[in-house]
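For reference, my_file02.cif (mmCIF, C-alpha atoms):
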data_target
loop_
_atom_site.group_PDB
_atom_site.id
_atom_site.type_symbol
_atom_site.label_atom_id
_atom_site.label_comp_id
_atom_site.auth_asym_id
_atom_site.auth_seq_id
_atom_site.Cartn_x
_atom_site.Cartn_y
_atom_site.Cartn_z
ATOM 1 C CA MET A 1 48.449 135.433 61.389
ATOM 2 C CA ILE A 2 49.719 135.889 57.818
ATOM 3 C CA ARG A 3 52.354 138.378 58.944
ATOM 4 C CA PHE A 4 53.332 136.070 61.812
ATOM 5 C CA MET A 5 53.871 133.059 59.536
ATOM 6 C CA ALA A 6 55.539 135.151 56.793
ATOM 7 C CA PHE A 7 58.157 136.279 59.311
ATOM 8 C CA ARG A 8 58.736 132.668 60.430
ATOM 9 C CA ILE A 9 59.075 131.443 56.834
ATOM 10 C CA ALA A 10 61.546 134.214 55.978
ATOM 11 C CA ARG A 11 63.582 133.307 59.057
ATOM 12 C CA ALA A 12 63.508 129.636 58.030
ATOM 13 C CA VAL A 13 64.823 130.473 54.545
ATOM 14 C CA ILE A 14 67.685 132.511 56.020
ATOM 15 C CA THR A 15 68.478 129.688 58.431
ATOM 16 C CA MET A 16 68.660 127.135 55.628
ATOM 17 C CA PHE A 17 70.979 129.365 53.603
ATOM 18 C CA LEU A 18 73.300 129.773 56.600
ATOM 19 C CA VAL A 19 73.281 125.989 57.081
ATOM 20 C CA LEU A 20 74.284 125.591 53.434
ATOM 21 C CA VAL A 21 77.192 128.001 53.844
ATOM 22 C CA ILE A 22 78.390 126.553 57.160
ATOM 23 C CA ALA A 23 78.186 122.951 55.922
ATOM 24 C CA PHE A 24 80.010 123.798 52.698
ATOM 25 C CA VAL A 25 82.847 125.727 54.368
ATOM 26 C CA THR A 26 83.275 123.390 57.350
ATOM 27 C CA LEU A 27 83.608 120.287 55.199
ATOM 28 C CA ARG A 28 86.291 121.871 53.041
ATOM 29 C CA LEU A 29 88.211 123.100 56.058
ATOM 30 C CA SER A 30 88.402 119.480 57.257
ATOM 31 C CA GLY A 31 90.625 118.523 54.297
ATOM 32 C CA THR A 32 90.168 116.344 51.246
ATOM 33 C CA PRO A 33 88.747 112.813 51.179
ATOM 34 C CA PHE A 34 91.503 111.405 49.013
ATOM 35 C CA GLU A 35 93.847 110.553 51.873
ATOM 36 C CA PHE A 36 91.122 108.166 53.103
ATOM 37 C CA MET A 37 90.464 106.827 49.625
ATOM 38 C CA TYR A 38 94.171 106.060 49.158
ATOM 39 C CA PRO A 39 95.604 105.279 52.616
ATOM 40 C CA GLU A 40 98.761 103.801 51.060
ATOM 41 C CA GLY A 41 99.674 107.235 49.705
ATOM 42 C CA ILE A 42 99.018 109.341 46.639
ATOM 43 C CA THR A 43 101.280 111.314 44.320
ATOM 44 C CA ALA A 44 100.907 115.041 43.817
ATOM 45 C CA GLU A 45 99.948 114.517 40.169
ATOM 46 C CA HIS A 46 97.262 111.973 41.051
ATOM 47 C CA LEU A 47 95.919 114.274 43.783
ATOM 48 C CA ALA A 48 95.733 117.197 41.368
ATOM 49 C CA ALA A 49 93.910 115.044 38.800
ATOM 50 C CA LEU A 50 91.343 113.910 41.393
ATOM 51 C CA GLU A 51 90.741 117.472 42.619
ATOM 52 C CA ALA A 52 90.208 118.608 39.033
ATOM 53 C CA LYS A 53 87.834 115.696 38.378
ATOM 54 C CA TYR A 54 85.592 116.590 41.311
ATOM 55 C CA GLY A 55 85.982 120.349 40.946
ATOM 56 C CA LEU A 56 87.814 120.770 44.245
ATOM 57 C CA ASP A 57 90.641 122.706 42.620
ATOM 58 C CA ARG A 58 88.401 125.691 41.872
ATOM 59 C CA PRO A 59 87.856 128.643 44.245
ATOM 60 C CA TRP A 60 85.379 127.978 47.015
ATOM 61 C CA ILE A 61 82.949 130.651 45.866
ATOM 62 C CA GLU A 62 82.834 129.047 42.421
ATOM 63 C CA GLN A 63 82.314 125.586 43.953
ATOM 64 C CA PHE A 64 79.526 126.943 46.143
ATOM 65 C CA TRP A 65 77.764 128.630 43.235
ATOM 66 C CA THR A 66 77.998 125.432 41.186
ATOM 67 C CA TYR A 67 76.553 123.454 44.098
ATOM 68 C CA LEU A 68 73.645 125.879 44.455
ATOM 69 C CA SER A 69 72.955 125.738 40.719
ATOM 70 C CA ASP A 70 73.017 121.940 40.680
ATOM 71 C CA MET A 71 70.820 121.754 43.775
ATOM 72 C CA ALA A 72 68.255 124.063 42.180
ATOM 73 C CA GLN A 73 68.029 121.532 39.325
ATOM 74 C CA GLY A 74 67.602 118.603 41.733
ATOM 75 C CA ASN A 75 71.180 117.407 41.335
ATOM 76 C CA PHE A 76 72.742 116.827 44.759
ATOM 77 C CA GLY A 77 75.807 115.001 43.482
ATOM 78 C CA ARG A 78 77.123 111.473 43.776
ATOM 79 C CA SER A 79 79.087 109.677 46.460
ATOM 80 C CA LEU A 80 82.834 109.964 45.912
ATOM 81 C CA TYR A 81 83.219 106.292 46.839
ATOM 82 C CA THR A 82 80.297 104.510 45.187
ATOM 83 C CA SER A 83 79.221 107.064 42.516
ATOM 84 C CA VAL A 84 75.595 106.502 43.632
ATOM 85 C CA ARG A 85 73.389 109.586 43.681
ATOM 86 C CA VAL A 86 73.214 110.830 47.261
ATOM 87 C CA TRP A 87 69.438 111.265 47.282
ATOM 88 C CA VAL A 88 69.109 107.615 46.234
ATOM 89 C CA MET A 89 71.340 106.546 49.129
ATOM 90 C CA PHE A 90 69.187 108.437 51.607
ATOM 91 C CA ALA A 91 65.906 107.385 50.017
ATOM 92 C CA ASP A 92 66.913 103.724 50.368
ATOM 93 C CA ARG A 93 67.783 104.126 54.052
ATOM 94 C CA MET A 94 65.117 106.629 55.123
ATOM 95 C CA PRO A 95 62.252 104.106 55.681
ATOM 96 C CA ALA A 96 64.200 102.339 58.436
ATOM 97 C CA THR A 97 65.039 105.625 60.173
ATOM 98 C CA LEU A 98 61.467 106.903 59.931
ATOM 99 C CA ALA A 99 60.042 103.618 61.217
ATOM 100 C CA VAL A 100 62.263 103.478 64.298
ATOM 101 C CA GLY A 101 62.010 107.215 64.984
ATOM 102 C CA GLY A 102 58.253 107.347 64.451
ATOM 103 C CA LEU A 103 57.603 104.406 66.775
ATOM 104 C CA ALA A 104 59.914 105.922 69.404
ATOM 105 C CA LEU A 105 58.101 109.270 69.224
ATOM 106 C CA LEU A 106 54.698 107.569 69.479
ATOM 107 C CA LEU A 107 55.837 105.542 72.480
ATOM 108 C CA ALA A 108 57.294 108.652 74.130
ATOM 109 C CA ILE A 109 54.052 110.617 73.727
ATOM 110 C CA MET A 110 51.866 107.728 74.911
ATOM 111 C CA ALA A 111 54.025 107.129 77.998
ATOM 112 C CA GLY A 112 55.450 110.577 78.769
ATOM 113 C CA ILE A 113 52.242 112.633 78.855
ATOM 114 C CA PRO A 114 50.300 110.286 81.207
ATOM 115 C CA LEU A 115 53.378 109.856 83.411
ATOM 116 C CA GLY A 116 53.842 113.605 83.764
ATOM 117 C CA ALA A 117 50.140 114.203 84.302
ATOM 118 C CA CYS A 118 49.901 111.566 87.039
ATOM 119 C CA ALA A 119 53.052 112.901 88.680
ATOM 120 C CA ALA A 120 51.425 116.354 88.858
ATOM 121 C CA LEU A 121 47.964 115.278 89.985
ATOM 122 C CA TYR A 122 49.263 112.745 92.529
ATOM 123 C CA ARG A 123 52.557 114.446 93.328
ATOM 124 C CA ALA A 124 52.554 113.338 96.976
ATOM 125 C CA SER A 125 52.255 109.622 96.186
ATOM 126 C CA PRO A 126 55.317 107.324 96.301
ATOM 127 C CA GLY A 127 54.512 106.014 92.810
ATOM 128 C CA ALA A 128 54.613 109.496 91.293
ATOM 129 C CA ARG A 129 57.900 110.276 92.997
ATOM 130 C CA ALA A 130 59.411 106.989 91.844
ATOM 131 C CA GLY A 131 58.218 107.624 88.268
ATOM 132 C CA MET A 132 59.791 111.074 88.152
ATOM 133 C CA GLY A 133 62.969 109.656 89.664
ATOM 134 C CA PHE A 134 63.217 107.227 86.754
ATOM 135 C CA ALA A 135 62.418 110.127 84.404
ATOM 136 C CA PHE A 136 65.342 112.162 85.720
ATOM 137 C CA LEU A 137 67.607 109.127 85.365
ATOM 138 C CA GLY A 138 66.438 108.409 81.814
ATOM 139 C CA TYR A 139 66.978 112.026 80.783
ATOM 140 C CA ALA A 140 70.544 112.043 82.130
ATOM 141 C CA ILE A 141 71.799 108.869 80.416
ATOM 142 C CA PRO A 142 72.946 109.192 76.748
ATOM 143 C CA HIS A 143 71.307 107.120 74.023
ATOM 144 C CA PHE A 144 74.347 104.960 73.334
ATOM 145 C CA VAL A 145 74.725 104.048 77.030
ATOM 146 C CA ILE A 146 71.061 103.025 77.215
ATOM 147 C CA GLY A 147 71.449 101.032 74.009
ATOM 148 C CA ILE A 148 74.525 99.169 75.182
ATOM 149 C CA GLY A 149 72.853 98.411 78.515
ATOM 150 C CA LEU A 150 69.755 97.003 76.801
ATOM 151 C CA ILE A 151 71.909 94.928 74.452
ATOM 152 C CA LEU A 152 73.854 93.434 77.352
ATOM 153 C CA PHE A 153 70.745 92.664 79.418
ATOM 154 C CA PHE A 154 68.179 91.539 76.849
ATOM 155 C CA GLY A 155 70.523 90.361 74.126
ATOM 156 C CA TYR A 156 73.545 88.875 75.904
ATOM 157 C CA TYR A 157 72.327 87.738 79.328
ATOM 158 C CA LEU A 158 68.655 86.893 78.673
ATOM 159 C CA ARG A 159 69.037 86.242 74.936
ATOM 160 C CA ALA A 160 65.411 87.342 74.621
ATOM 161 C CA LEU A 161 65.652 89.946 71.847
ATOM 162 C CA PRO A 162 67.771 90.452 68.711
ATOM 163 C CA THR A 163 70.295 93.274 68.875
ATOM 164 C CA THR A 164 71.193 94.038 65.246
ATOM 165 C CA GLY A 165 69.250 94.744 62.075
ATOM 166 C CA LEU A 166 65.528 95.233 61.436
ATOM 167 C CA THR A 167 64.495 91.882 59.992
ATOM 168 C CA THR A 168 61.514 91.073 62.249
ATOM 169 C CA PRO A 169 59.186 93.110 64.507
ATOM 170 C CA GLN A 170 61.243 91.948 67.500
ATOM 171 C CA HIS A 171 64.285 93.724 66.040
ATOM 172 C CA TYR A 172 62.528 97.082 66.498
ATOM 173 C CA ILE A 173 61.967 96.747 70.246
ATOM 174 C CA LEU A 174 65.415 97.605 71.615
ATOM 175 C CA PRO A 175 66.266 100.522 69.275
ATOM 176 C CA VAL A 176 62.776 102.019 69.667
ATOM 177 C CA VAL A 177 62.949 101.793 73.463
ATOM 178 C CA THR A 178 66.475 103.219 73.440
ATOM 179 C CA LEU A 179 65.330 106.258 71.472
ATOM 180 C CA ALA A 180 62.119 106.644 73.465
ATOM 181 C CA ILE A 181 63.478 106.567 77.030
ATOM 182 C CA PRO A 182 65.102 110.054 77.033
ATOM 183 C CA MET A 183 62.064 111.501 75.236
ATOM 184 C CA ILE A 184 59.669 109.927 77.747
ATOM 185 C CA ALA A 185 61.699 111.471 80.551
ATOM 186 C CA ALA A 186 61.763 114.928 78.953
ATOM 187 C CA ILE A 187 58.038 114.947 78.094
ATOM 188 C CA ALA A 188 57.080 113.665 81.549
ATOM 189 C CA ARG A 189 59.174 116.271 83.344
ATOM 190 C CA PHE A 190 57.829 119.137 81.272
ATOM 191 C CA MET A 191 54.238 117.883 81.432
ATOM 192 C CA ARG A 192 54.454 117.711 85.214
ATOM 193 C CA ALA A 193 55.868 121.244 85.434
ATOM 194 C CA ALA A 194 53.249 122.625 83.021
ATOM 195 C CA MET A 195 50.378 121.003 84.907
ATOM 196 C CA LEU A 196 51.650 122.192 88.281
ATOM 197 C CA ASP A 197 51.805 125.702 86.843
ATOM 198 C CA ALA A 198 48.250 125.378 85.502
ATOM 199 C CA ILE A 199 46.965 124.087 88.843
ATOM 200 C CA GLY A 200 48.065 127.308 90.499
ATOM 201 C CA HIS A 201 45.951 129.555 88.259
ATOM 202 C CA ALA A 202 42.705 131.141 89.419
ATOM 203 C CA TYR A 203 40.585 129.588 86.674
ATOM 204 C CA VAL A 204 41.195 126.140 88.186
ATOM 205 C CA ASN A 205 39.765 127.244 91.542
ATOM 206 C CA THR A 206 36.868 128.901 89.721
ATOM 207 C CA ALA A 207 36.096 125.697 87.833
ATOM 208 C CA ALA A 208 36.226 123.680 91.051
ATOM 209 C CA SER A 209 33.916 126.154 92.796
ATOM 210 C CA LYS A 210 31.297 125.607 90.087
ATOM 211 C CA GLY A 211 30.874 122.056 91.286
ATOM 212 C CA LEU A 212 32.938 120.263 88.632
ATOM 213 C CA THR A 213 34.512 116.969 89.639
ATOM 214 C CA ASP A 214 38.276 116.611 90.007
ATOM 215 C CA GLY A 215 38.379 114.632 86.769
ATOM 216 C CA GLN A 216 36.468 117.315 84.848
ATOM 217 C CA VAL A 217 38.732 120.056 86.185
ATOM 218 C CA ALA A 218 41.838 118.039 85.318
ATOM 219 C CA ARG A 219 40.696 117.191 81.778
ATOM 220 C CA GLY A 220 38.973 120.433 80.826
ATOM 221 C CA HIS A 221 41.229 123.023 82.443
ATOM 222 C CA ILE A 222 44.524 121.731 83.834
ATOM 223 C CA PHE A 223 45.454 119.181 81.150
ATOM 224 C CA ARG A 224 44.214 121.250 78.221
ATOM 225 C CA ASN A 225 46.150 124.372 79.207
ATOM 226 C CA ALA A 226 49.282 122.380 80.011
ATOM 227 C CA LEU A 227 49.346 120.954 76.464
ATOM 228 C CA ILE A 228 49.987 124.374 74.891
ATOM 229 C CA PRO A 229 53.569 124.820 76.203
ATOM 230 C CA LEU A 230 54.143 121.083 75.670
ATOM 231 C CA ILE A 231 54.014 121.712 71.909
ATOM 232 C CA THR A 232 57.434 123.374 72.115
ATOM 233 C CA VAL A 233 58.933 120.407 73.928
ATOM 234 C CA LEU A 234 57.615 117.991 71.320
ATOM 235 C CA GLY A 235 59.289 120.063 68.608
ATOM 236 C CA LEU A 236 62.598 120.002 70.457
ATOM 237 C CA GLU A 237 62.303 116.274 71.044
ATOM 238 C CA ILE A 238 61.737 115.631 67.344
ATOM 239 C CA ALA A 239 64.928 117.575 66.595
ATOM 240 C CA GLY A 240 66.753 115.603 69.282
ATOM 241 C CA LEU A 241 65.354 112.406 67.812
ATOM 242 C CA LEU A 242 67.375 113.033 64.656
ATOM 243 C CA ASN A 243 70.593 113.322 66.637
ATOM 244 C CA GLY A 244 69.819 110.294 68.772
ATOM 245 C CA SER A 245 69.022 108.158 65.744
ATOM 246 C CA ILE A 246 72.613 108.465 64.541
ATOM 247 C CA PHE A 247 73.990 106.911 67.745
ATOM 248 C CA VAL A 248 71.240 104.304 67.990
ATOM 249 C CA GLU A 249 71.686 103.172 64.395
ATOM 250 C CA ALA A 250 75.417 102.813 64.991
ATOM 251 C CA VAL A 251 74.938 100.842 68.231
ATOM 252 C CA PHE A 252 72.326 98.460 66.774
ATOM 253 C CA SER A 253 73.796 98.337 63.239
ATOM 254 C CA LEU A 254 70.559 99.546 61.679
ATOM 255 C CA PRO A 255 70.255 100.171 57.919
ATOM 256 C CA GLY A 256 69.251 103.826 58.347
ATOM 257 C CA VAL A 257 70.532 107.217 57.253
ATOM 258 C CA GLY A 258 72.504 107.579 60.478
ATOM 259 C CA ARG A 259 74.821 104.808 59.330
ATOM 260 C CA VAL A 260 75.232 106.557 55.984
ATOM 261 C CA LEU A 261 76.235 109.791 57.722
ATOM 262 C CA VAL A 262 78.714 108.047 60.027
ATOM 263 C CA ASP A 263 80.404 106.366 57.058
ATOM 264 C CA ALA A 264 80.442 109.690 55.179
ATOM 265 C CA VAL A 265 82.094 111.452 58.117
ATOM 266 C CA GLU A 266 84.757 108.773 58.383
ATOM 267 C CA GLY A 267 85.532 109.045 54.668
ATOM 268 C CA ARG A 268 84.873 112.786 54.200
ATOM 269 C CA ASP A 269 82.395 112.033 51.452
ATOM 270 C CA PHE A 270 81.502 115.676 50.733
ATOM 271 C CA PRO A 271 78.352 115.217 48.608
ATOM 272 C CA VAL A 272 76.812 112.728 51.049
ATOM 273 C CA LEU A 273 77.631 114.856 54.094
ATOM 274 C CA GLN A 274 76.347 118.056 52.505
ATOM 275 C CA PHE A 275 73.049 116.457 51.543
ATOM 276 C CA GLY A 276 72.684 114.803 54.949
ATOM 277 C CA LEU A 277 73.339 118.000 56.893
ATOM 278 C CA ILE A 278 70.960 119.998 54.704
ATOM 279 C CA ALA A 279 68.245 117.329 54.944
ATOM 280 C CA TYR A 280 68.514 117.153 58.738
ATOM 281 C CA ALA A 281 68.477 120.956 59.019
ATOM 282 C CA LEU A 282 65.455 121.149 56.717
ATOM 283 C CA ILE A 283 63.550 118.670 58.875
ATOM 284 C CA VAL A 284 64.324 120.698 62.009
ATOM 285 C CA VAL A 285 63.290 123.955 60.312
ATOM 286 C CA LEU A 286 60.027 122.450 59.025
ATOM 287 C CA VAL A 287 59.238 121.028 62.455
ATOM 288 C CA ASN A 288 59.751 124.459 63.997
ATOM 289 C CA LEU A 289 57.450 126.010 61.401
ATOM 290 C CA LEU A 290 54.768 123.446 62.228
ATOM 291 C CA ILE A 291 55.250 124.170 65.935
ATOM 292 C CA ASP A 292 54.770 127.896 65.289
ATOM 293 C CA LEU A 293 51.616 127.135 63.309
ATOM 294 C CA ALA A 294 50.324 124.865 66.056
ATOM 295 C CA TYR A 295 50.937 127.616 68.588
ATOM 296 C CA VAL A 296 48.901 130.062 66.524
ATOM 297 C CA ILE A 297 46.017 127.597 66.305
ATOM 298 C CA ALA A 298 46.179 126.631 69.981
ATOM 299 C CA ASP A 299 46.625 130.132 71.401
ATOM 300 C CA PRO A 300 44.967 132.976 69.413
ATOM 301 C CA ARG A 301 46.839 135.575 71.493
ATOM 302 C CA ILE A 302 49.992 134.794 69.515
ATOM 303 C CA ARG A 303 48.338 136.091 66.338
ATOM 304 C CA LEU A 304 47.979 139.486 67.936
ATOM 305 C CA GLU A 305 51.591 139.450 69.138
ATOM 306 C CA GLY A 306 52.820 138.416 65.674
#
Structure re-expressed in structure tokens:
Amino acid sequence: MIRFMAFRIARAVITMFLVLVIAFVTLRLSGTPFEFMYPEGITAEHLAALEAKYGLDRPWIEQFWTYLSDMAQGNFGRSLYTSVRVWVMFADRMPATLAVGGLALLLAIMAGIPLGACAALYRASPGARAGMGFAFLGYAIPHFVIGIGLILFFGYYLRALPTTGLTTPQHYILPVVTLAIPMIAAIARFMRAAMLDAIGHAYVNTAASKGLTDGQVARGHIFRNALIPLITVLGLEIAGLLNGSIFVEAVFSLPGVGRVLVDAVEGRDFPVLQFGLIAYALIVVLVNLLIDLAYVIADPRIRLEG
């Protein structure tokens, strides 16, 4: 197990370093932010002075080494527009993103797993078929389309729910549901497939032949074994949740980190974008490490393979 996790941690460190390099190079290939800061035009002398001020006139390798050194000391830079430390900007907006994303993930797990399980156990029933039909539809529609549809129906036509901000508990309903619908669909589809695969194994027939009830077989053998591969899907959905939150926060005008990233992209705010990309990548890497650890705990055979 130690060797297995050591290999995963080493791979995670390499991945994070590659993300650092790719983010750094890609942002600088996109140009400088000063044309957005001064849309009316800027002289060559003023441009040179700004590049010297922010260190953008130095060779890339020197800029990258300086960034790594500063990051090692906990200095991630300041916004080029507001001069606010980037970690402060994200820390102020992170609670809103975590609240919406966490509630969406909880709703997806609570709805997706039972829906997929029922669709597998009662696969011939019209209700199960209808539920999986909605799951396929929800998985195919992008977050921003779902969000706009919910805004039009519940906000514009019914005027039943607020559509912007996070002032009251009612403000959370539409963005949370928008984020949760594709995850519910994905979890339900995979749970159904995993349970159907488990049903076909010999140990299920053996358990049934021992006189166990259908409920005992489903809970103790089918459902339990189907949860092991579902761990991977949950990890992927958490990573997808980060991407979806950017669109959802833009659609519902939420005060989260997604809005910060969108504004940073529009203005090429290098320090903010670099920190945001690294933070998102770190979350994905950590989630994958936790998934690997959960696999080792859930299935001891992986320790031998590692």
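Atom CA of Met89 of chain A is positioned 22.6 Å from atom CA of Gln63 of chain A.
Shortest separation to Thr82 of chain A among A:Met195, A:Ala264, A:Ala160, A:Leu230 occurs at residue A:Ala264, atoms counted being all atoms listed in the file.
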Segment 118-124 of chain A: which residues within 8 Å, counting only C-alpha atoms, same-chain residues fewer than 5 positions away excluded, as a PDB file with C-alpha atoms, in the frame of the given file?
ATOM      1  CA  ARG A 129      57.900 110.276  92.997  1.00  0.00           C
ATOM      2  CA  GLY A 131      58.218 107.624  88.268  1.00  0.00           C
ATOM      3  CA  MET A 132      59.791 111.074  88.152  1.00  0.00           C
ATOM      4  CA  ARG A 192      54.454 117.711  85.214  1.00  0.00           C
ATOM      5  CA  ALA A 193      55.868 121.244  85.434  1.00  0.00           C
ATOM      6  CA  MET A 195      50.378 121.003  84.907  1.00  0.00           C
ATOM      7  CA  LEU A 196      51.650 122.192  88.281  1.00  0.00           C
TER       8      LEU A 196
END
(request) Specify as a VMD selection string each residue included when the PyMOL selection byres ((chain A and resi 116) around 6) is applied to this file. (result) chain A and resid 113 to 115 117 to 119 188 to 189 191 to 192
Go ahead and fit an axis-aligned box to every listed atom of segment 241-251 of chain A plus 6 Å each side, and pass me the centre and edge lengths in Å, one decimal, as lines of an AutoDock Vina configuration file.
center_x = 70.4
center_y = 107.1
center_z = 66.6
size_x = 22.1
size_y = 24.5
size_z = 16.4
(request) Might you pull out every residue within 12 Å of segment 65-79 of chain A, with all atoms listed in the file counted and same-chain residues fewer than 4 positions away left off, and present them as a ChimeraX atom specification? (result) /A:17,20-21,23-24,33,54-56,58-61,83-90,260-261,263-264,267-276,278-279
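Atom CA of Leu241 of chain A lies 19.0 Å from atom CA of Gly165 of chain A.
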